[in-house]
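Participant: Structure incoming, see below.
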Amino acid sequence: MESTLSLPNTSRHIIVPLFSRLRTSRGQSNPLASYQELRKLGEVFPAPWGGYLVTSHRLCHQVLRDRSWRVPDLHWRLSQDDSARWSSPASRQMAASLPMLNPPDHTMTRKSLGNIFDRHSLARLRPFIEKTADRLTDRFREEARQGPAEFCSIVADELPVMTIGHWMGLPEADHGLLRTLTHDQVHTQELFPSRSQLALSDAATARLRQYFTEAVQERRKNPGEDPISSWLRAWDSTEPDRARADAAVHSLALFMILAALETTSHVLSASVRLLAGHPHTWEWLRRHPEDVPRAVEETLRYDAPIHMISRVASKDSEVGGVLVREGEMVQLMTGAAHHDPEHYTDPHVFDIHRTQAHLSFGGGIHYCLGNALARLEATALLNSLLKQDARPRISTPPRWEPRIAFRRMTSLQLTLD
């Protein structure tokens with residue numbers, strides 16, 4: 001099987017500027033124009049920096065569901081030439097987390113977690129989440145009475161850390177620190193972090209490692225019914241080496257914080273931003289609150305928290321008629337795939353009545369464990385806002401972090417009409 005695709009110089013001159021544009025304020029506020037230009041190059045094509053870019057929903061879905069494709073684990077990272085990028089402490093820490101493990105390591109770690117967010121667990125969490133959402137939206141409304149209020153810092157950044165902190169039994173006084181460290185750590189997961197961003201990510205990783213090392217030690221001394229204590233019991237039953245068990249639990253705890261905060265914060269802020277820009281949909285939801293979960297799903301399609309997912313070929317594989325050699329990476333542009341006109345009718349339209357599924361939580365064995373929790377938080381927040389007569393209106397253009405893979409809105413100034 002021979003590759004049928006090469007990348008002409010003209011395409012190189014298109015791709016690099018497009019990715020640079022995606023990092024700008026304009027590109028962050030509306031990445032769809034850049035995604036449309038990328039799709040013109042085809043469903044799959046070589047990336048100028050190596051590997052391949054995949055833009056269609058069909059092929060992104062195919063790769064995510066195919067178990068022969070692997071995540072870029074520690075073994076793969078250490079085999080790369082860019083040691084500063086892939087061998088940094090932050091990158092190594094991520095390689096030890098559940099999303100970056102391949103079987104059999106993934107199988108063992110996933111089993112130790114258990115069914116953490118089943119319907120019974122969510123039923124126990126729901127009253128806390130709904131009460132917290134009401135408290136935060138009340139605080140936001142108080143601020144908004146004086147003029148434009150900052151939704152991200154008051155609500156969207158707070159609800160996820162308060163929820164996961166409560167679930168894990170972490171002191172409320174530590175929530176601010178964990179939120180800040182998470183924002184800094186995520187740089188290592190971006191496409192091309194700068195040296196300064198990698199240094200920031202490494203420093204945040206070191207502090208998070210210290211924090212959760214101490215948390216695991218404390219649960220060793222005083223076990224309870226919290227998740228960390230439960231994971232310790234699970235690992236102790238299969239791993240005789242106490243240090244190895246503690247290290248595994250430490251990675252789980254750290255991963256939970258990293259996975260729960262930024263992505264869910266984005267879903268919360270994006271849902272309110274989109275609904276504020278669609279007043280007729282807001283009024284529909286006020287009259288039909290049973291459709292709130294559908295609004296959450298459409299937010300996840302229209303502006304997912306993660307717009308790029310990486311996979312590595314475990315063997316020579318064909319993707320859309322293109323040969324990808326063993327060890328080569330494909331970067332699935334799921335943000336573009338969610339606006340693929342071959343899969344979605346009028347993909348540029350925010351339509352809460354769509355029925356097609358999205359790829360925001362990945363697929364296969366790496367399907368997001370916290371998907372139900374994120375959905376619950378977003379539903380609780382919108383229900384809380386919709387209970388009031390006032391409708392949010394964007395008063396100042398939102399601001400974003402200059403990223404490509406992980407979306408983060410840093411400012412959403414709203415007034416209430």
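Lettering and numbering for the structure tokens are positional, with chains as A, B, ... in the shown order, residues counted from 1 in each chain, and ligands counted from 1 in the shown order.
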Just the residues within 10 Å of Val272 of chain A, please, counting only C-alpha atoms, with nothing from its chain fewer than 2 positions along; format it as an MDAnalysis selection string.

Facilitator: chainID A and resid 151 156 266:270 274:278 282 296 299 378 381:382 385 392:394 412 414

Participant: Hey, can you spit out that residue selection with C-alpha atoms as a PDB file, in the first residue's frame?

Facilitator:
ATOM      1  CA  PHE A 151     -19.401  35.398  33.954  1.00  0.00           C
ATOM      2  CA  ALA A 156     -17.958  29.186  34.792  1.00  0.00           C
ATOM      3  CA  HIS A 266     -15.488  26.005  28.651  1.00  0.00           C
ATOM      4  CA  VAL A 267     -18.750  24.107  28.170  1.00  0.00           C
ATOM      5  CA  LEU A 268     -20.422  26.367  30.751  1.00  0.00           C
ATOM      6  CA  SER A 269     -19.175  29.650  29.303  1.00  0.00           C
ATOM      7  CA  ALA A 270     -19.702  28.527  25.686  1.00  0.00           C
ATOM      8  CA  LEU A 274     -24.127  30.911  22.362  1.00  0.00           C
ATOM      9  CA  LEU A 275     -27.534  31.236  23.986  1.00  0.00           C
ATOM     10  CA  ALA A 276     -26.968  34.931  24.697  1.00  0.00           C
ATOM     11  CA  GLY A 277     -26.403  35.344  20.966  1.00  0.00           C
ATOM     12  CA  HIS A 278     -29.582  33.421  20.142  1.00  0.00           C
ATOM     13  CA  TRP A 282     -33.185  31.276  25.044  1.00  0.00           C
ATOM     14  CA  VAL A 296     -25.907  21.369  26.060  1.00  0.00           C
ATOM     15  CA  THR A 299     -22.955  23.509  22.516  1.00  0.00           C
ATOM     16  CA  ALA A 378     -24.056  22.460  32.302  1.00  0.00           C
ATOM     17  CA  LEU A 381     -26.328  25.964  35.313  1.00  0.00           C
ATOM     18  CA  LEU A 382     -28.676  26.676  32.403  1.00  0.00           C
ATOM     19  CA  LEU A 385     -30.204  30.940  34.751  1.00  0.00           C
ATOM     20  CA  PRO A 392     -28.034  37.556  29.421  1.00  0.00           C
ATOM     21  CA  ARG A 393     -26.616  39.830  26.739  1.00  0.00           C
ATOM     22  CA  ILE A 394     -22.973  40.065  25.722  1.00  0.00           C
ATOM     23  CA  LEU A 412     -17.369  36.892  29.131  1.00  0.00           C
ATOM     24  CA  LEU A 414     -22.657  40.002  30.357  1.00  0.00           C
TER      25      LEU A 414
END

Participant: Determine, for each residue of segment 272-327 of chain A having at least one atom at most 9 Å from an atom of segment 332-352 of chain A, the closest pair of atoms and their separation in Å to one decimal, counting only C-alpha atoms; order by chain and ascending number, as a tab-separated table.

Facilitator:
residue	atom	partner	partner_atom	distance
A:Leu274	CA	A:Phe350	CA	7.8
A:Leu275	CA	A:Phe350	CA	9.0
A:His278	CA	A:Phe350	CA	8.3
A:Thr281	CA	A:Ile352	CA	8.0
A:Asp291	CA	A:Ile352	CA	7.9
A:Val292	CA	A:Ile352	CA	8.6
A:Pro293	CA	A:Ile352	CA	8.9
A:Arg294	CA	A:Ile352	CA	5.5
A:Ala295	CA	A:Ile352	CA	4.9
A:Val296	CA	A:Ile352	CA	8.1
A:Glu297	CA	A:Ile352	CA	7.5
A:Glu298	CA	A:Ile352	CA	5.4
A:Thr299	CA	A:Phe350	CA	7.9
A:Arg301	CA	A:His338	CA	5.7
A:Tyr302	CA	A:His338	CA	6.6
A:Asp303	CA	A:Gly335	CA	7.1
A:Ala304	CA	A:Gly335	CA	6.7
A:Pro305	CA	A:Gly335	CA	8.9
A:Ile306	CA	A:Gly335	CA	7.4
A:His307	CA	A:Gly335	CA	4.2
A:Met308	CA	A:Met333	CA	4.7
A:Ile309	CA	A:Leu332	CA	5.0
A:Ser310	CA	A:Leu332	CA	6.0
A:Arg311	CA	A:Leu332	CA	7.7

Participant: With a distance cut-off of 7 Å and only C-alpha atoms, select the neighbouring residues of Thr132 of chain A, excluding the residue or stretch itself and same-chain residues fewer than 4 positions from it, and output the selection as a PyMOL selection string.

Facilitator: chain A and resi 128+136+159

Participant: Considering only C-alpha atoms, return as an mmCIF file with N, CA and C atoms, in the first residue's frame whatever protein or nucleic-acid residues lie within 7 Å of Ser251 of chain A, sequence-local ones (same chain, fewer than 4 positions apart) excluded.

Facilitator:
data_model
loop_
_atom_site.group_PDB
_atom_site.id
_atom_site.type_symbol
_atom_site.label_atom_id
_atom_site.label_comp_id
_atom_site.auth_asym_id
_atom_site.auth_seq_id
_atom_site.Cartn_x
_atom_site.Cartn_y
_atom_site.Cartn_z
ATOM 1 N N ALA A 96 1.530 9.652 32.090
ATOM 2 C CA ALA A 96 1.170 8.690 33.136
ATOM 3 C C ALA A 96 -0.316 8.743 33.475
ATOM 4 N N SER A 97 -1.055 9.675 32.866
ATOM 5 C CA SER A 97 -2.472 9.819 33.180
ATOM 6 C C SER A 97 -3.318 8.929 32.275
ATOM 7 N N ALA A 247 1.674 5.875 43.740
ATOM 8 C CA ALA A 247 1.957 6.620 42.520
ATOM 9 C C ALA A 247 0.789 6.526 41.542
ATOM 10 N N PHE A 255 -5.072 13.599 37.484
ATOM 11 C CA PHE A 255 -5.801 13.565 36.211
ATOM 12 C C PHE A 255 -7.230 14.058 36.371
#

Participant: Just list as an MDAnalysis selection string whatever in segment 123-343 of chain A DSSP marks as helix (DSSP H, G or I).

Facilitator: chainID A and resid 123:144 151:156 158:168 172:189 195:221 227:236 242:260 262:276 279:287 289:302 334:337

Participant: DSSP on the backbone, strand (DSSP E) only: what residues of segment 9-203 of chain A does that give? Format it as a compact mmCIF listing (two decimals) with N, CA and C atoms, in the first residue's frame.

Facilitator:
# COMPACT_ATOMS: atom_id res chain seq x y z
N VAL A 44 -7.96 14.32 4.68
CA VAL A 44 -6.71 13.99 5.38
C VAL A 44 -5.55 14.45 4.51
N PHE A 45 -4.56 15.08 5.14
CA PHE A 45 -3.41 15.58 4.38
C PHE A 45 -2.23 15.75 5.33
N PRO A 46 -1.01 15.72 4.80
CA PRO A 46 0.17 15.83 5.66
C PRO A 46 0.23 17.18 6.37
N TYR A 52 -0.21 13.75 10.09
CA TYR A 52 -1.31 14.10 9.20
C TYR A 52 -2.41 14.83 9.97
N LEU A 53 -3.13 15.67 9.25
CA LEU A 53 -4.32 16.35 9.78
C LEU A 53 -5.56 15.70 9.17
N VAL A 54 -6.56 15.47 10.00
CA VAL A 54 -7.82 14.88 9.55
C VAL A 54 -8.94 15.85 9.87
N TRP A 69 -5.61 2.16 16.76
CA TRP A 69 -4.96 3.46 16.94
C TRP A 69 -4.68 3.68 18.41
N ARG A 70 -3.51 4.21 18.73
CA ARG A 70 -3.07 4.35 20.11
C ARG A 70 -2.90 5.82 20.46
N ALA A 149 -21.14 42.17 34.16
CA ALA A 149 -20.50 41.29 35.14
C ALA A 149 -19.72 40.20 34.41
N GLU A 150 -18.62 39.75 35.04
CA GLU A 150 -17.73 38.77 34.45
C GLU A 150 -18.21 37.36 34.75

Participant: Neighbouring residues of Asp226 of chain A were defined as those with any atom within 9 Å, considering only C-alpha atoms; residues of the same chain fewer than 5 positions away were excluded. Please report them as a PyMOL selection string.

Facilitator: chain A and resi 167-169+219+231

Participant: Just the number, please: distance in Å from atom CA of Leu323 of chain A to atom CA of Arg58 of chain A, one decimal.

Facilitator: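 These two atoms are separated by 16.8 Å.
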